[in-house]
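Asker: Dropping in my_file14.txt, with compact mmCIF, C-alpha atoms and all ligand atoms.
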```
# COMPACT_ATOMS: atom_id res chain seq x y z
CA MET I 1 -3.51 -23.89 9.45
CA GLU I 2 -2.43 -21.16 11.88
CA PHE I 3 0.59 -19.27 10.51
CA LYS I 4 1.27 -16.71 13.25
CA GLU I 5 3.52 -18.96 15.33
CA LYS I 6 5.57 -19.82 12.23
CA ILE I 7 6.64 -16.17 11.80
CA ASN I 8 10.25 -15.33 12.69
CA LEU I 9 9.90 -11.95 14.42
CA GLU I 10 13.62 -11.28 13.88
CA LYS I 11 13.13 -11.38 10.09
CA LEU I 12 9.97 -9.35 9.68
CA PRO I 13 9.62 -7.22 6.55
CA LYS I 14 9.82 -3.53 7.48
CA HIS I 15 7.39 -2.61 4.73
CA ILE I 16 4.52 -4.59 3.23
CA ALA I 17 2.56 -3.26 0.25
CA ILE I 18 -0.83 -4.66 -0.76
CA ILE I 19 -2.92 -4.46 -3.93
CA MET I 20 -6.38 -5.02 -2.47
CA ASP I 21 -8.19 -6.64 -5.37
CA GLY I 22 -11.41 -8.56 -5.89
CA ASN I 23 -14.02 -6.43 -4.10
CA GLY I 24 -16.23 -6.26 -7.20
CA ARG I 25 -16.10 -10.01 -7.84
CA TRP I 26 -16.79 -10.72 -4.15
CA ALA I 27 -19.90 -8.52 -4.29
CA LYS I 28 -21.08 -10.20 -7.50
CA GLN I 29 -20.75 -13.62 -5.85
CA GLN I 30 -23.10 -12.36 -3.13
CA GLY I 31 -25.50 -10.99 -5.75
CA GLU I 32 -24.78 -7.43 -4.60
CA GLN I 33 -23.57 -4.15 -6.13
CA ARG I 34 -19.80 -3.53 -6.38
CA ILE I 35 -19.79 -0.98 -3.53
CA PHE I 36 -20.93 -3.74 -1.15
CA GLY I 37 -17.58 -5.39 -1.88
CA HIS I 38 -15.68 -2.19 -1.07
CA GLU I 39 -17.65 -1.78 2.17
CA ASN I 40 -16.72 -5.30 3.21
CA GLY I 41 -13.12 -4.64 2.19
CA VAL I 42 -12.86 -2.16 5.05
CA LYS I 43 -12.87 -5.05 7.57
CA SER I 44 -9.90 -6.58 5.74
CA VAL I 45 -8.12 -3.20 5.85
CA ARG I 46 -8.63 -3.16 9.63
CA GLU I 47 -7.32 -6.71 10.00
CA ALA I 48 -4.21 -6.04 7.91
CA VAL I 49 -3.41 -2.82 9.80
CA GLU I 50 -3.96 -4.47 13.19
CA ALA I 51 -1.86 -7.49 12.26
CA CYS I 52 1.04 -5.28 11.11
CA ALA I 53 0.87 -3.15 14.28
CA GLU I 54 0.73 -6.23 16.53
CA LEU I 55 3.68 -7.91 14.79
CA GLY I 56 5.80 -4.75 14.52
CA VAL I 57 5.79 -4.26 10.73
CA LYS I 58 6.79 -0.60 10.41
CA TYR I 59 5.07 0.33 7.10
CA LEU I 60 1.94 -0.95 5.40
CA THR I 61 1.01 0.59 2.05
CA LEU I 62 -2.46 -0.09 0.64
CA TYR I 63 -3.41 0.61 -2.97
CA ALA I 64 -6.83 2.10 -2.28
CA PHE I 65 -7.51 4.07 -5.46
CA SER I 66 -5.46 4.23 -8.63
CA THR I 67 -5.26 7.05 -11.15
CA GLU I 68 -7.01 4.66 -13.56
CA ASN I 69 -9.88 4.07 -11.09
CA TRP I 70 -11.21 7.56 -11.98
CA ASN I 71 -12.45 5.92 -15.21
CA ARG I 72 -14.87 3.62 -13.34
CA PRO I 73 -18.61 4.39 -13.47
CA GLN I 74 -19.21 7.74 -11.79
CA GLU I 75 -21.53 6.26 -9.15
CA GLU I 76 -18.85 3.79 -8.03
CA VAL I 77 -16.21 6.54 -7.84
CA ILE I 78 -18.51 8.73 -5.73
CA ALA I 79 -19.47 5.85 -3.44
CA LEU I 80 -15.81 4.83 -2.98
CA MET I 81 -14.80 8.40 -2.12
CA GLN I 82 -17.62 8.64 0.42
CA LEU I 83 -16.53 5.33 1.92
CA LEU I 84 -12.95 6.57 2.17
CA VAL I 85 -13.94 9.84 3.84
CA HIS I 86 -16.23 8.03 6.25
CA THR I 87 -13.67 5.32 7.08
CA ILE I 88 -10.81 7.77 7.57
CA SER I 89 -12.79 9.96 9.97
CA ALA I 90 -14.31 6.99 11.82
CA GLU I 91 -10.93 5.27 12.28
CA THR I 92 -8.70 8.18 13.37
CA LYS I 93 -9.41 7.53 17.07
CA THR I 94 -8.49 3.84 16.74
CA LEU I 95 -5.35 4.75 14.79
CA ASN I 96 -4.26 6.98 17.66
CA GLU I 97 -5.13 4.40 20.33
CA ASN I 98 -2.91 1.92 18.49
CA LYS I 99 -0.14 4.49 17.81
CA ILE I 100 -0.54 4.19 14.04
CA ARG I 101 0.51 7.10 11.85
CA LEU I 102 -1.44 7.75 8.66
CA GLN I 103 0.24 8.96 5.49
CA ALA I 104 -0.91 9.12 1.87
CA ILE I 105 0.80 9.01 -1.51
CA GLY I 106 -0.64 10.00 -4.88
CA ASP I 107 -2.15 12.97 -6.65
CA LEU I 108 -4.02 13.95 -3.49
CA LYS I 109 -5.07 17.35 -4.87
CA SER I 110 -7.28 15.51 -7.37
CA LEU I 111 -9.42 14.05 -4.57
CA PRO I 112 -12.81 15.64 -3.81
CA ASP I 113 -12.42 18.50 -1.28
CA ASP I 114 -14.05 16.67 1.66
CA CYS I 115 -11.92 13.60 1.12
CA TYR I 116 -8.75 15.69 0.84
CA HIS I 117 -9.52 17.61 4.04
CA GLU I 118 -10.49 14.53 6.09
CA LEU I 119 -7.29 12.91 4.94
CA GLN I 120 -5.08 15.88 5.82
CA GLU I 121 -6.76 16.16 9.22
CA ALA I 122 -6.20 12.46 9.99
CA ILE I 123 -2.57 12.72 8.81
CA GLU I 124 -2.05 15.74 11.08
CA ASN I 125 -3.82 14.10 14.05
CA THR I 126 -1.74 10.92 13.85
CA LYS I 127 1.62 12.39 12.86
CA ASN I 128 3.35 11.70 16.19
CA ASN I 129 2.50 7.97 16.28
CA THR I 130 5.51 5.69 15.92
CA ARG I 131 4.34 2.07 16.06
CA THR I 132 3.35 1.51 12.42
CA THR I 133 2.80 3.82 9.45
CA LEU I 134 -0.25 3.13 7.31
CA VAL I 135 0.24 4.60 3.84
CA LEU I 136 -2.83 4.96 1.63
CA ALA I 137 -2.10 5.13 -2.08
CA LEU I 138 -4.89 7.37 -3.33
CA SER I 139 -5.27 8.61 -6.87
CA TYR I 140 -1.86 7.01 -7.19
CA SER I 141 -0.05 5.52 -10.12
CA SER I 142 3.61 4.80 -10.38
CA ARG I 143 3.98 6.36 -13.82
CA TRP I 144 2.37 9.55 -12.49
CA GLU I 145 4.80 9.50 -9.54
CA ILE I 146 7.87 8.92 -11.72
CA THR I 147 6.79 11.60 -14.22
CA ASN I 148 6.40 13.98 -11.29
CA ALA I 149 9.85 13.11 -9.97
CA VAL I 150 11.39 13.74 -13.42
CA LYS I 151 9.68 17.16 -13.57
CA GLN I 152 10.99 18.09 -10.11
CA ILE I 153 14.53 17.02 -11.00
CA ALA I 154 14.35 18.94 -14.29
CA GLU I 155 13.31 22.06 -12.37
CA GLN I 156 16.27 21.67 -10.03
CA ILE I 157 18.54 21.47 -13.07
CA GLU I 158 16.86 24.49 -14.68
CA ASN I 159 17.41 26.45 -11.45
CA LYS I 160 21.07 25.37 -11.42
CA LYS I 161 20.62 23.55 -8.09
CA LEU I 162 21.69 20.26 -9.69
CA ALA I 163 23.72 19.13 -12.71
CA ALA I 164 22.44 16.28 -14.91
CA SER I 165 25.66 14.38 -14.22
CA GLU I 166 24.83 14.45 -10.48
CA ILE I 167 21.56 12.49 -10.84
CA THR I 168 21.78 9.27 -8.84
CA GLU I 169 19.30 6.62 -7.70
CA GLU I 170 19.23 8.39 -4.33
CA ILE I 171 18.16 11.65 -6.00
CA ILE I 172 15.40 9.87 -7.90
CA ASN I 173 14.29 8.20 -4.65
CA ALA I 174 14.24 11.54 -2.87
CA ASN I 175 11.81 12.93 -5.46
CA LEU I 176 9.29 10.08 -5.19
CA CYS I 177 6.26 10.23 -2.85
CA THR I 178 7.90 7.46 -0.81
CA ALA I 179 11.12 9.44 -0.23
CA ASP I 180 11.29 8.77 3.52
CA MET I 181 10.06 5.17 3.48
CA PRO I 182 11.95 1.90 3.26
CA GLU I 183 11.29 -0.10 0.09
CA PRO I 184 8.65 -2.83 0.47
CA GLU I 185 10.29 -6.23 0.92
CA LEU I 186 6.94 -7.95 0.32
CA MET I 187 4.11 -7.07 -2.08
CA ILE I 188 0.83 -8.97 -1.82
CA ARG I 189 -1.94 -8.99 -4.41
CA THR I 190 -5.26 -10.66 -3.74
CA SER I 191 -7.86 -12.09 -6.14
CA GLY I 192 -5.63 -14.30 -8.29
CA GLU I 193 -4.45 -11.54 -10.66
CA HIS I 194 -0.70 -11.64 -11.35
CA ARG I 195 -0.02 -7.99 -12.22
CA ILE I 196 1.59 -4.95 -10.61
CA SER I 197 -0.94 -2.52 -12.16
CA ASN I 198 1.17 0.66 -12.02
CA PHE I 199 1.89 0.27 -8.28
CA LEU I 200 5.29 1.28 -6.82
CA LEU I 201 7.18 0.21 -9.96
CA TRP I 202 10.48 1.75 -8.84
CA GLN I 203 10.14 0.70 -5.20
CA LEU I 204 9.24 -2.94 -5.95
CA ALA I 205 12.49 -3.57 -7.88
CA TYR I 206 13.69 -6.20 -5.37
CA SER I 207 10.45 -6.99 -3.53
CA GLU I 208 9.17 -10.51 -3.13
CA LEU I 209 5.80 -10.78 -4.89
CA TYR I 210 3.06 -12.89 -3.31
CA PHE I 211 -0.22 -13.67 -5.04
CA THR I 212 -3.25 -15.25 -3.41
CA ASP I 213 -6.59 -16.29 -4.89
CA LYS I 214 -8.45 -14.90 -1.85
CA LEU I 215 -10.67 -11.95 -2.76
CA TRP I 216 -9.86 -8.86 -0.68
CA PRO I 217 -13.02 -8.90 1.50
CA ASP I 218 -12.12 -12.48 2.54
CA PHE I 219 -8.51 -11.57 3.44
CA ARG I 220 -7.88 -12.08 7.17
CA LYS I 221 -4.92 -11.80 9.57
CA ASN I 222 -4.01 -15.44 9.02
CA ASP I 223 -3.71 -14.78 5.26
CA LEU I 224 -1.24 -11.99 5.99
CA TYR I 225 0.71 -14.26 8.36
CA GLU I 226 0.81 -16.92 5.62
CA ALA I 227 2.25 -14.39 3.15
CA ILE I 228 4.92 -13.34 5.68
CA VAL I 229 5.90 -16.98 6.34
CA ASP I 230 6.15 -17.57 2.57
CA TYR I 231 8.34 -14.44 2.25
CA GLN I 232 10.58 -15.61 5.09
CA ASN I 233 11.17 -18.94 3.35
CA ARG I 234 12.47 -17.27 0.19
CA GLU I 235 16.09 -16.55 -0.57
CA ARG I 236 16.60 -12.86 -1.40
CA ARG I 237 19.73 -12.70 -3.54
CA PHE I 238 19.70 -9.12 -4.89
CA GLY I 239 21.51 -10.31 -8.04
CA LYS I 240 24.13 -12.34 -6.11
CA THR I 241 24.51 -16.14 -6.06
CA SER I 242 23.32 -18.39 -3.19
CA GLU I 243 26.97 -19.19 -2.38
CA GLN I 244 27.83 -15.50 -2.01
CA LEU I 245 25.00 -15.06 0.48
CA ILE I 246 26.36 -17.84 2.74
CA SER I 247 29.99 -16.66 2.78
C1 LIG V 1 -10.19 -3.36 -5.92
O1 LIG V 1 -11.24 -4.26 -6.12
C2 LIG V 1 -10.43 -2.44 -4.81
C3 LIG V 1 -10.48 -1.09 -4.88
C4 LIG V 1 -10.28 -0.37 -6.15
C5 LIG V 1 -10.77 -0.23 -3.73
C6 LIG V 1 -10.26 -0.68 -2.39
C7 LIG V 1 -10.97 0.08 -1.37
C8 LIG V 1 -11.38 -0.37 -0.16
C9 LIG V 1 -11.07 -1.73 0.36
C10 LIG V 1 -12.19 0.55 0.66
C11 LIG V 1 -11.63 1.08 1.89
C12 LIG V 1 -10.20 1.38 1.90
C13 LIG V 1 -9.58 2.10 2.85
C14 LIG V 1 -8.11 2.20 2.80
C15 LIG V 1 -10.27 2.79 3.94
P1 LIG V 1 -12.02 -4.20 -7.53
O2 LIG V 1 -13.15 -3.26 -7.38
O3 LIG V 1 -11.06 -3.89 -8.61
O4 LIG V 1 -12.53 -5.68 -7.64
P2 LIG V 1 -12.75 -6.53 -8.98
O5 LIG V 1 -11.41 -6.68 -9.62
O6 LIG V 1 -13.28 -7.83 -8.45
O7 LIG V 1 -13.74 -5.79 -9.82
```
Give the structure from the file, written as structure tokens.
Ligand code: FPP
Answerer:
Amino acid sequence: MEFKEKINLEKLPKHIAIIMDGNGRWAKQQGEQRIFGHENGVKSVREAVEACAELGVKYLTLYAFSTENWNRPQEEVIALMQLLVHTISAETKTLNENKIRLQAIGDLKSLPDDCYHELQEAIENTKNNTRTTLVLALSYSSRWEITNAVKQIAEQIENKKLAASEITEEIINANLCTADMPEPELMIRTSGEHRISNFLLWQLAYSELYFTDKLWPDFRKNDLYEAIVDYQNRERRFGKTSEQLIS
């Protein structure tokens, strides 16, 4: 079924976050090495970014590499980093043509030098684009991010710039990597796993969660449209009752 025409453009999520999962299993099904799955996942990345830009979704965050992914076999980590560097540099021109701004969240300093520099260059080269922001979560984990935020706030208190009694949700937000971004209204995870896996734990507090059995390399624009339609059919109550939402 085609889902695009079922989307209400007036009620689009401003921010969609995706846990791209299932590359390894997809490769295994084809009798190939895991990296073959990651390589084929790049096409799905392109489709998701294009679909968001075409629809007018303002932010798309992709969980590309978690802090825990450093523990994978060394050859997979190296191959993934090379793929990231190659993809980022090959896609910068297309990002600019489509007015897409690139940003990244995570412990970026822990990335290999070439990856870090390619990333910073692409971020700099696309910084004036305003159509959609593509956020790559790289060497990211939510517990790392929250620990970092706590350290920054503690330093502000130590330097007498802030009192403990003045800490608010806004101050915590302002010390997260996502400080300037709206919270994701919709989080999608592929591959049939029903977990958040240390991804945007604070930011997903009120997000609608959508799980699909599709493996990431099989994920196409229509799958994203389907997730958006599903999201638009849900009632978001933010702790209130249905009756309160109507009145
Ligand atoms: C999860 O599948 C996927 C990843 C850890 C990496 C995702 C990376 C890409 C799609 C490459 C390109 C990305 C960008 C943004 C340019 P998995 O390996 O955990 O799969 P499995 O659960 O089946 O083993």
Asker: Would you pick out the contacts of Leu83 of chain I at 12 Å or less, using all atoms listed in the file, so that residues sharing its chain but fewer than 5 positions from it are not included, and give the list as a ChimeraX atom specification?
Answerer: /I:35-42,64-65,76-78,88-91,114-115,118
Asker: Of the candidates I:Phe211, I:Phe238, I:Trp202, I:Trp216, which shows the shortest atom-to-atom distance to ligand LIG 1 (chain V), using all atoms listed in the file?
Answerer: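 Result for the nearest residue to ligand LIG 1 (chain V): I:Trp216.
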Asker: Taking all atoms listed in the file into account, which residues have an atom no farther than 9 Å from ligand LIG 1 (chain V)? I'd like them as a PDB file with C-alpha atoms, keeping the file's coordinate frame.
Answerer:
```pdb
ATOM      1  CA  ILE I  19      -2.920  -4.460  -3.930  1.00  0.00           C
ATOM      2  CA  MET I  20      -6.380  -5.020  -2.470  1.00  0.00           C
ATOM      3  CA  ASP I  21      -8.190  -6.640  -5.370  1.00  0.00           C
ATOM      4  CA  GLY I  22     -11.410  -8.560  -5.890  1.00  0.00           C
ATOM      5  CA  ASN I  23     -14.020  -6.430  -4.100  1.00  0.00           C
ATOM      6  CA  GLY I  24     -16.230  -6.260  -7.200  1.00  0.00           C
ATOM      7  CA  ARG I  25     -16.100 -10.010  -7.840  1.00  0.00           C
ATOM      8  CA  TRP I  26     -16.790 -10.720  -4.150  1.00  0.00           C
ATOM      9  CA  ALA I  27     -19.900  -8.520  -4.290  1.00  0.00           C
ATOM     10  CA  LYS I  28     -21.080 -10.200  -7.500  1.00  0.00           C
ATOM     11  CA  ARG I  34     -19.800  -3.530  -6.380  1.00  0.00           C
ATOM     12  CA  ILE I  35     -19.790  -0.980  -3.530  1.00  0.00           C
ATOM     13  CA  GLY I  37     -17.580  -5.390  -1.880  1.00  0.00           C
ATOM     14  CA  HIS I  38     -15.680  -2.190  -1.070  1.00  0.00           C
ATOM     15  CA  GLU I  39     -17.650  -1.780   2.170  1.00  0.00           C
ATOM     16  CA  ASN I  40     -16.720  -5.300   3.210  1.00  0.00           C
ATOM     17  CA  GLY I  41     -13.120  -4.640   2.190  1.00  0.00           C
ATOM     18  CA  VAL I  42     -12.860  -2.160   5.050  1.00  0.00           C
ATOM     19  CA  LYS I  43     -12.870  -5.050   7.570  1.00  0.00           C
ATOM     20  CA  SER I  44      -9.900  -6.580   5.740  1.00  0.00           C
ATOM     21  CA  VAL I  45      -8.120  -3.200   5.850  1.00  0.00           C
ATOM     22  CA  ARG I  46      -8.630  -3.160   9.630  1.00  0.00           C
ATOM     23  CA  LEU I  62      -2.460  -0.090   0.640  1.00  0.00           C
ATOM     24  CA  TYR I  63      -3.410   0.610  -2.970  1.00  0.00           C
ATOM     25  CA  ALA I  64      -6.830   2.100  -2.280  1.00  0.00           C
ATOM     26  CA  PHE I  65      -7.510   4.070  -5.460  1.00  0.00           C
ATOM     27  CA  SER I  66      -5.460   4.230  -8.630  1.00  0.00           C
ATOM     28  CA  ASN I  69      -9.880   4.070 -11.090  1.00  0.00           C
ATOM     29  CA  LEU I  80     -15.810   4.830  -2.980  1.00  0.00           C
ATOM     30  CA  MET I  81     -14.800   8.400  -2.120  1.00  0.00           C
ATOM     31  CA  LEU I  83     -16.530   5.330   1.920  1.00  0.00           C
ATOM     32  CA  LEU I  84     -12.950   6.570   2.170  1.00  0.00           C
ATOM     33  CA  VAL I  85     -13.940   9.840   3.840  1.00  0.00           C
ATOM     34  CA  HIS I  86     -16.230   8.030   6.250  1.00  0.00           C
ATOM     35  CA  THR I  87     -13.670   5.320   7.080  1.00  0.00           C
ATOM     36  CA  ILE I  88     -10.810   7.770   7.570  1.00  0.00           C
ATOM     37  CA  GLU I  91     -10.930   5.270  12.280  1.00  0.00           C
ATOM     38  CA  VAL I 135       0.240   4.600   3.840  1.00  0.00           C
ATOM     39  CA  LEU I 136      -2.830   4.960   1.630  1.00  0.00           C
ATOM     40  CA  ALA I 137      -2.100   5.130  -2.080  1.00  0.00           C
ATOM     41  CA  LEU I 138      -4.890   7.370  -3.330  1.00  0.00           C
ATOM     42  CA  SER I 191      -7.860 -12.090  -6.140  1.00  0.00           C
ATOM     43  CA  GLU I 193      -4.450 -11.540 -10.660  1.00  0.00           C
ATOM     44  CA  LEU I 215     -10.670 -11.950  -2.760  1.00  0.00           C
ATOM     45  CA  TRP I 216      -9.860  -8.860  -0.680  1.00  0.00           C
ATOM     46  CA  PRO I 217     -13.020  -8.900   1.500  1.00  0.00           C
TER      47      PRO I 217
END
```
Asker: Find, counting only C-alpha atoms, the residue in I:Gln244, I:Thr178, I:Thr67, I:Ser139 that gets nearest to Gln203 of chain I.
Answerer: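 Of I:Gln244, I:Thr178, I:Thr67, I:Ser139, the one nearest Gln203 of chain I, counting only C-alpha atoms, is I:Thr178.
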Asker: Can you pull out the residues contacting Glu170 of chain I? Cut-off 12 Å, using only C-alpha atoms, and skip same-chain residues under 3 positions away; I want them as a PyMOL selection string.
Answerer: chain I and resi 149+153+166-167+173-176+178-180+202-203
Asker: Can I get the selection written as a short mmCIF file (atom, residue, chain, number, x, y, z; two decimals), keeping the file's coordinate frame, with C-alpha atoms?
Answerer:
```
data_model
loop_
_atom_site.label_atom_id
_atom_site.label_comp_id
_atom_site.auth_asym_id
_atom_site.auth_seq_id
_atom_site.Cartn_x
_atom_site.Cartn_y
_atom_site.Cartn_z
CA ALA I 149 9.85 13.11 -9.97
CA ILE I 153 14.53 17.02 -11.00
CA GLU I 166 24.83 14.45 -10.48
CA ILE I 167 21.56 12.49 -10.84
CA ASN I 173 14.29 8.20 -4.65
CA ALA I 174 14.24 11.54 -2.87
CA ASN I 175 11.81 12.93 -5.46
CA LEU I 176 9.29 10.08 -5.19
CA THR I 178 7.90 7.46 -0.81
CA ALA I 179 11.12 9.44 -0.23
CA ASP I 180 11.29 8.77 3.52
CA TRP I 202 10.48 1.75 -8.84
CA GLN I 203 10.14 0.70 -5.20
#
```
Asker: Give me, as a list in words, all polymer residues having an atom no more than 7 Å from Glu185 of chain I, counting all atoms listed in the file and skipping those fewer than 2 positions away in the same chain.
Answerer: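 Within the cut-off, the hits are Pro13, His15, Ile16, Glu183, Met187, Ser207 and Glu208 of chain I.
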Asker: If I take atom CA of Leu209 of chain I and atom CA of Tyr231 of chain I, how far is one from the other in Å, to one decimal?
Answerer: 8.4 Å
Asker: Box for segment 51-69 of chain I - axis-aligned, 8 Å on each of the six sides, all listed atoms - centre and size in Å to one decimal, as AutoDock Vina command-line options.
Answerer:
```
--center_x -1.5 --center_y -0.4 --center_z 1.5 --size_x 32.7 --size_y 31.0 --size_z 46.1
```
Asker: So what do you get for atom CA of Leu200 of chain I versus atom CA of Asn129 of chain I, distance-wise?
Answerer: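 Computed distance, atom CA of Leu200 of chain I to atom CA of Asn129 of chain I, equals 24.2 Å.
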Asker: Tell me, in Å to one decimal, how far atom CA of Ala122 of chain I is from atom CA of Lys99 of chain I.
Answerer: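 These two atoms are separated by 12.7 Å.
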Asker: Measuring between all atoms listed in the file, which one of I:Thr61, I:Glu54, I:Thr190, I:Ser142 shows the shortest distance to Asp218 of chain I?
Answerer: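 Distance minimum relative to Asp218 of chain I lands on I:Thr190.
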Asker: Considering only C-alpha atoms, can you say which of I:Leu201, I:Val57, I:Leu95, I:Ala154 comes closest to Ser141 of chain I?
Answerer: I:Leu201
Asker: Go through I:Ser197, I:Thr241, I:Asn233, I:Thr212 one by one, measure the shortest atom-to-atom distance of each to Arg143 of chain I using all atoms listed in the file, and give the residue with the smallest value.
Answerer: I:Ser197
Asker: N, CA and C atoms are needed for segment 11-38 of chain I; please write them out as a tab-separated table (two decimals), in the frame of the given file.
Answerer:
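Final file, selection01.tsv:
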```
chain	number	residue	atom	x	y	z
I	11	LYS	N	12.96	-11.58	11.55
I	11	LYS	CA	13.13	-11.38	10.09
I	11	LYS	C	11.87	-10.80	9.45
I	12	LEU	N	11.20	-9.94	10.20
I	12	LEU	CA	9.97	-9.35	9.68
I	12	LEU	C	10.27	-8.37	8.56
I	13	PRO	N	9.43	-8.32	7.52
I	13	PRO	CA	9.62	-7.22	6.55
I	13	PRO	C	9.34	-5.89	7.25
I	14	LYS	N	10.09	-4.86	6.89
I	14	LYS	CA	9.82	-3.53	7.48
I	14	LYS	C	8.63	-2.88	6.79
I	15	HIS	N	8.44	-3.26	5.53
I	15	HIS	CA	7.39	-2.61	4.73
I	15	HIS	C	6.66	-3.66	3.90
I	16	ILE	N	5.35	-3.71	4.05
I	16	ILE	CA	4.52	-4.59	3.23
I	16	ILE	C	3.59	-3.71	2.39
I	17	ALA	N	3.47	-4.01	1.11
I	17	ALA	CA	2.56	-3.26	0.25
I	17	ALA	C	1.49	-4.23	-0.26
I	18	ILE	N	0.25	-3.75	-0.33
I	18	ILE	CA	-0.83	-4.66	-0.76
I	18	ILE	C	-1.69	-4.03	-1.87
I	19	ILE	N	-1.90	-4.82	-2.93
I	19	ILE	CA	-2.92	-4.46	-3.93
I	19	ILE	C	-4.18	-5.20	-3.52
I	20	MET	N	-5.13	-4.43	-3.00
I	20	MET	CA	-6.38	-5.02	-2.47
I	20	MET	C	-7.32	-5.22	-3.66
I	21	ASP	N	-7.41	-6.44	-4.15
I	21	ASP	CA	-8.19	-6.64	-5.37
I	21	ASP	C	-9.28	-7.69	-5.16
I	22	GLY	N	-10.36	-7.54	-5.89
I	22	GLY	CA	-11.41	-8.56	-5.89
I	22	GLY	C	-12.69	-8.16	-5.18
I	23	ASN	N	-12.80	-6.88	-4.80
I	23	ASN	CA	-14.02	-6.43	-4.10
I	23	ASN	C	-15.26	-6.59	-4.98
I	24	GLY	N	-15.09	-6.21	-6.27
I	24	GLY	CA	-16.23	-6.26	-7.20
I	24	GLY	C	-16.71	-7.69	-7.40
I	25	ARG	N	-15.74	-8.60	-7.61
I	25	ARG	CA	-16.10	-10.01	-7.84
I	25	ARG	C	-16.74	-10.62	-6.59
I	26	TRP	N	-16.24	-10.22	-5.42
I	26	TRP	CA	-16.79	-10.72	-4.15
I	26	TRP	C	-18.25	-10.30	-4.04
I	27	ALA	N	-18.52	-9.03	-4.38
I	27	ALA	CA	-19.90	-8.52	-4.29
I	27	ALA	C	-20.81	-9.28	-5.26
I	28	LYS	N	-20.30	-9.50	-6.47
I	28	LYS	CA	-21.08	-10.20	-7.50
I	28	LYS	C	-21.44	-11.62	-7.02
I	29	GLN	N	-20.47	-12.27	-6.38
I	29	GLN	CA	-20.75	-13.62	-5.85
I	29	GLN	C	-21.89	-13.61	-4.84
I	30	GLN	N	-22.03	-12.47	-4.13
I	30	GLN	CA	-23.10	-12.36	-3.13
I	30	GLN	C	-24.40	-11.82	-3.77
I	31	GLY	N	-24.35	-11.55	-5.07
I	31	GLY	CA	-25.50	-10.99	-5.75
I	31	GLY	C	-25.75	-9.53	-5.38
I	32	GLU	N	-24.65	-8.83	-5.04
I	32	GLU	CA	-24.78	-7.43	-4.60
I	32	GLU	C	-24.06	-6.48	-5.56
I	33	GLN	N	-24.27	-5.17	-5.35
I	33	GLN	CA	-23.57	-4.15	-6.13
I	33	GLN	C	-22.09	-4.10	-5.72
I	34	ARG	N	-21.25	-3.55	-6.62
I	34	ARG	CA	-19.80	-3.53	-6.38
I	34	ARG	C	-19.43	-2.82	-5.07
I	35	ILE	N	-20.14	-1.76	-4.73
I	35	ILE	CA	-19.79	-0.98	-3.53
I	35	ILE	C	-19.91	-1.81	-2.25
I	36	PHE	N	-20.79	-2.82	-2.29
I	36	PHE	CA	-20.93	-3.74	-1.15
I	36	PHE	C	-19.60	-4.46	-0.90
I	37	GLY	N	-18.90	-4.76	-1.99
I	37	GLY	CA	-17.58	-5.39	-1.88
I	37	GLY	C	-16.58	-4.44	-1.24
I	38	HIS	N	-16.60	-3.17	-1.65
I	38	HIS	CA	-15.68	-2.19	-1.07
I	38	HIS	C	-15.98	-2.02	0.42
```
